[in-house]
Amino acid sequence: MSIPQQGGGPIESRDQLVAYIASGEKPRDAWRIGTEHEKFGYDTANKLPLPYEGEVSIKAMLTGLQERFGWTPVYEQDNIIGLERNGANVSLEPGGQLELSGAPLETIHQTCDEVNHHLAEVKEIADKLGAGFIGLGAAPIWSQDQMPMMPKGRYRLMTDYMDRVGTMGKQMMYRTCTVQVNLDFASEPDMVQKLRVALALQPVATALFANSPFLDGKPNGMKSWRAHIWQNLDEARTGMLPFAFEDGFGYDRWVDYVLDVPMYFVYRDGKYIDALGQSFRDFLQGKLPALPGEIPTLSDWADHLTTVFPEARVKKFIEMRGADGGPWRRLCALPALWVGLTYDQTALDAAWDLVKGWDHETREGLRRAASRDALQGEANGVKMLDLAREVLEIAETGLRNRAKTGAGGLISDETHFLNALKESVDSGKVPADELLEKYHGEWQGDLSQIYAEYSY
């Protein structure tokens, strides 16, 4: 979840909303890669989720990272709720999931080094405290009632609202983790092509990264329960966005969509003001019930953009949102997949050619098949395993064409970061399949063994 946005004066016309999105345009040589990943923390003594306060806690983790590694703390009221350093930040999801939002970097080599460095820092502090961290798409054993709530006003408001819409909002907030990558665009047509490819192929990422087959201590019938949750949440702000494939789609239509998404809050003077279900369109006219007579700032618009949750999202960049959190290797594989598909024009064109003939029924069918069956899924005659194989070939070509070297020039490109995904396509198995085999085999139904075998 995002931290409050900063800067930006009053919004005097709708054109400013469009201009805000368009201001993200960058020339190709300025395109960067921002990788985010979330992970569950737990007390190694009792295997319960970390509370906010206490000797073995989220607060102790943040304080330890700050003091040992020079992070700058971020506070809400008197509570430390995040860290900042060199363009990166560490923040908290509602149930205490620890998230790294990486700095904008030029290559996958750099972003993978950043991930590795972060996890090493986290492990050093966690080991001293008696804590552990594990990468999964959903909490495998902990019940909803066992999950703590982090002291952030945004989350209190959202928790209340989630009971009014959909059926799984609180599960999403408190018991799921993701890995995602944020990528740039050069122009409106470039944004449109990338977003369409991102939406259409997000089910492939969901399938390849499926890693949440357990809930409440037993198999849940899905390979990606996290993805299943997103299909049963708030229809007003989630989904595959069929309008993005219509003629004429661009910045203006995206702004229309976001304006129609009900608000959660307005952030003022360090506090979150309840605007649940209210309209940003009313806000533009000074008619927001939560703040009568006030008009929004660009910071309010930036905040509101963080409250839409489709499978791919546009802000000043595009976020790829379809993957479960997972093991160390796959935290580097996700940016490799999407950079390969979208940062080389030949690869992007090939990816679009692959999906441009699909209708909404096919895209939505693949989305649902991915959460249930991962690489064994199928929709309207499109087999996920065959599709994933083609997608990886395109991504590999894109990375090879980029020819971004690593290890001081000893590594010629970024293609090796796809190896974990290629192994999945070769075997037909994703992390969820491996976990289920362990559960039904050597673990003999004892899911507590997941912590020892799969923690970072």
# chains A, B, ... in the order shown; residues from 1 in each chain; ligands from 1
>>> residues_around(residues="region 314-322 of chain A", least_positions_apart="2", cutoff="9 Å", atoms="only C-alpha atoms", output="ChimeraX atom specification")
/A:20-25,178-185,191,194-195,198-199,202-207,209,227,254,302,305-306,309-312,324,338
>>> residues_around(residues="region 65-79 of chain A", least_positions_apart="6", cutoff="10 Å", atoms="only C-alpha atoms", output="PyMOL selection string")
chain A and resi 3-4+52-53+59+85-86+88-91+118+121-122+124-126+150-153+269-271
>>> select_by_dssp(residues="region 146-342 of chain A", states="strand (DSSP E)", output="PyMOL selection string")
chain A and resi 178-183+214-215+218-219+238-239+265-268+271-274+309-310+312-314+318-324
>>> residues_around(residues="Ile141 (chain A)", least_positions_apart="5", cutoff="7 Å", atoms="only C-alpha atoms", output="PyMOL selection string")
chain A and resi 215-217
>>> select_by_dssp(residues="region 215-400 of chain A", states="alpha helix (DSSP H)", output="PyMOL selection string")
chain A and resi 225-230+251-260+280-284+298-305+328-342+345-355+360-373+384-400
>>> write_last_selection(atoms="C-alpha atoms", output="tab-separated table (two decimals), in the first residue's frame")
chain	number	residue	atom	x	y	z
A	225	TRP	CA	-5.74	-17.83	-3.62
A	226	ARG	CA	-4.47	-14.25	-3.73
A	227	ALA	CA	-5.61	-13.93	-7.35
A	228	HIS	CA	-8.93	-15.54	-6.45
A	229	ILE	CA	-9.42	-12.90	-3.77
A	230	TRP	CA	-8.99	-10.10	-6.30
A	251	TYR	CA	-5.09	9.19	-20.77
A	252	ASP	CA	-8.49	10.87	-20.82
A	253	ARG	CA	-10.42	7.62	-20.61
A	254	TRP	CA	-8.17	6.44	-17.78
A	255	VAL	CA	-8.95	9.60	-15.85
A	256	ASP	CA	-12.68	9.00	-16.39
A	257	TYR	CA	-12.32	5.52	-14.95
A	258	VAL	CA	-10.45	6.67	-11.86
A	259	LEU	CA	-12.93	9.51	-11.28
A	260	ASP	CA	-15.74	6.95	-11.20
A	280	PHE	CA	-13.83	12.67	-6.58
A	281	ARG	CA	-15.99	14.39	-9.20
A	282	ASP	CA	-17.87	16.09	-6.35
A	283	PHE	CA	-14.53	16.95	-4.76
A	284	LEU	CA	-13.51	18.79	-7.95
A	298	LEU	CA	-2.73	17.15	-7.07
A	299	SER	CA	-1.58	15.26	-3.97
A	300	ASP	CA	-5.20	14.21	-3.39
A	301	TRP	CA	-5.38	13.01	-6.98
A	302	ALA	CA	-2.14	11.08	-6.57
A	303	ASP	CA	-3.55	9.47	-3.41
A	304	HIS	CA	-6.79	8.57	-5.16
A	305	LEU	CA	-4.86	6.90	-7.99
A	328	TRP	CA	13.99	-15.26	-3.66
A	329	ARG	CA	14.67	-16.18	-7.33
A	330	ARG	CA	11.24	-15.14	-8.52
A	331	LEU	CA	11.54	-11.67	-7.05
A	332	CYS	CA	14.04	-11.00	-9.85
A	333	ALA	CA	12.15	-13.04	-12.44
A	334	LEU	CA	9.04	-10.86	-12.40
A	335	PRO	CA	10.74	-7.62	-13.53
A	336	ALA	CA	12.70	-9.68	-16.06
A	337	LEU	CA	9.47	-11.01	-17.55
A	338	TRP	CA	7.80	-7.62	-17.96
A	339	VAL	CA	10.90	-5.68	-18.98
A	340	GLY	CA	11.55	-8.29	-21.64
A	341	LEU	CA	8.00	-7.97	-22.93
A	342	THR	CA	7.67	-4.19	-22.87
A	345	GLN	CA	9.66	-2.55	-29.25
A	346	THR	CA	10.05	-5.74	-31.28
A	347	ALA	CA	9.05	-7.80	-28.26
A	348	LEU	CA	6.19	-5.47	-27.35
A	349	ASP	CA	4.80	-5.69	-30.87
A	350	ALA	CA	5.09	-9.47	-30.79
A	351	ALA	CA	3.29	-9.62	-27.43
A	352	TRP	CA	0.49	-7.42	-28.77
A	353	ASP	CA	0.18	-9.58	-31.88
A	354	LEU	CA	-0.23	-12.57	-29.58
A	355	VAL	CA	-3.21	-11.11	-27.70
A	360	HIS	CA	-12.96	-9.90	-23.02
A	361	GLU	CA	-14.38	-13.35	-22.37
A	362	THR	CA	-11.02	-14.93	-23.24
A	363	ARG	CA	-9.01	-12.50	-21.13
A	364	GLU	CA	-11.32	-12.93	-18.15
A	365	GLY	CA	-11.41	-16.69	-18.63
A	366	LEU	CA	-7.62	-16.87	-18.53
A	367	ARG	CA	-7.59	-14.70	-15.40
A	368	ARG	CA	-9.85	-17.14	-13.58
A	369	ALA	CA	-8.12	-20.22	-14.95
A	370	ALA	CA	-4.75	-18.91	-13.75
A	371	SER	CA	-5.89	-18.58	-10.15
A	372	ARG	CA	-7.45	-22.02	-10.12
A	373	ASP	CA	-5.13	-24.15	-12.26
A	384	MET	CA	-1.95	-21.44	-20.42
A	385	LEU	CA	1.14	-23.63	-20.65
A	386	ASP	CA	1.48	-23.06	-24.40
A	387	LEU	CA	0.81	-19.36	-23.96
A	388	ALA	CA	3.39	-19.05	-21.18
A	389	ARG	CA	5.99	-20.75	-23.37
A	390	GLU	CA	5.38	-18.24	-26.17
A	391	VAL	CA	5.42	-15.32	-23.75
A	392	LEU	CA	8.75	-16.38	-22.26
A	393	GLU	CA	10.28	-16.71	-25.73
A	394	ILE	CA	9.20	-13.14	-26.51
A	395	ALA	CA	10.48	-11.85	-23.17
A	396	GLU	CA	13.81	-13.61	-23.67
A	397	THR	CA	14.17	-12.01	-27.09
A	398	GLY	CA	13.37	-8.62	-25.60
A	399	LEU	CA	16.00	-9.00	-22.88
A	400	ARG	CA	18.57	-10.21	-25.39
>>> closest_residue(among="A:Trp31, A:Tyr343, A:Phe249, A:Phe265", to="Glu188 (chain A)", atoms="only C-alpha atoms")
A:Phe249
>>> atom_distance(atom1="CA of Asp43 (chain A)", atom2="CA of Gly130 (chain A)")
6.2 Å
>>> closest_residue(among="A:Ala186, A:Cys112, A:Leu288, A:Ala103", to="Asp29 (chain A)", atoms="only C-alpha atoms")
A:Ala186
>>> atom_distance(atom1="CA of Leu136 (chain A)", atom2="CA of Met263 (chain A)")
29.6 Å
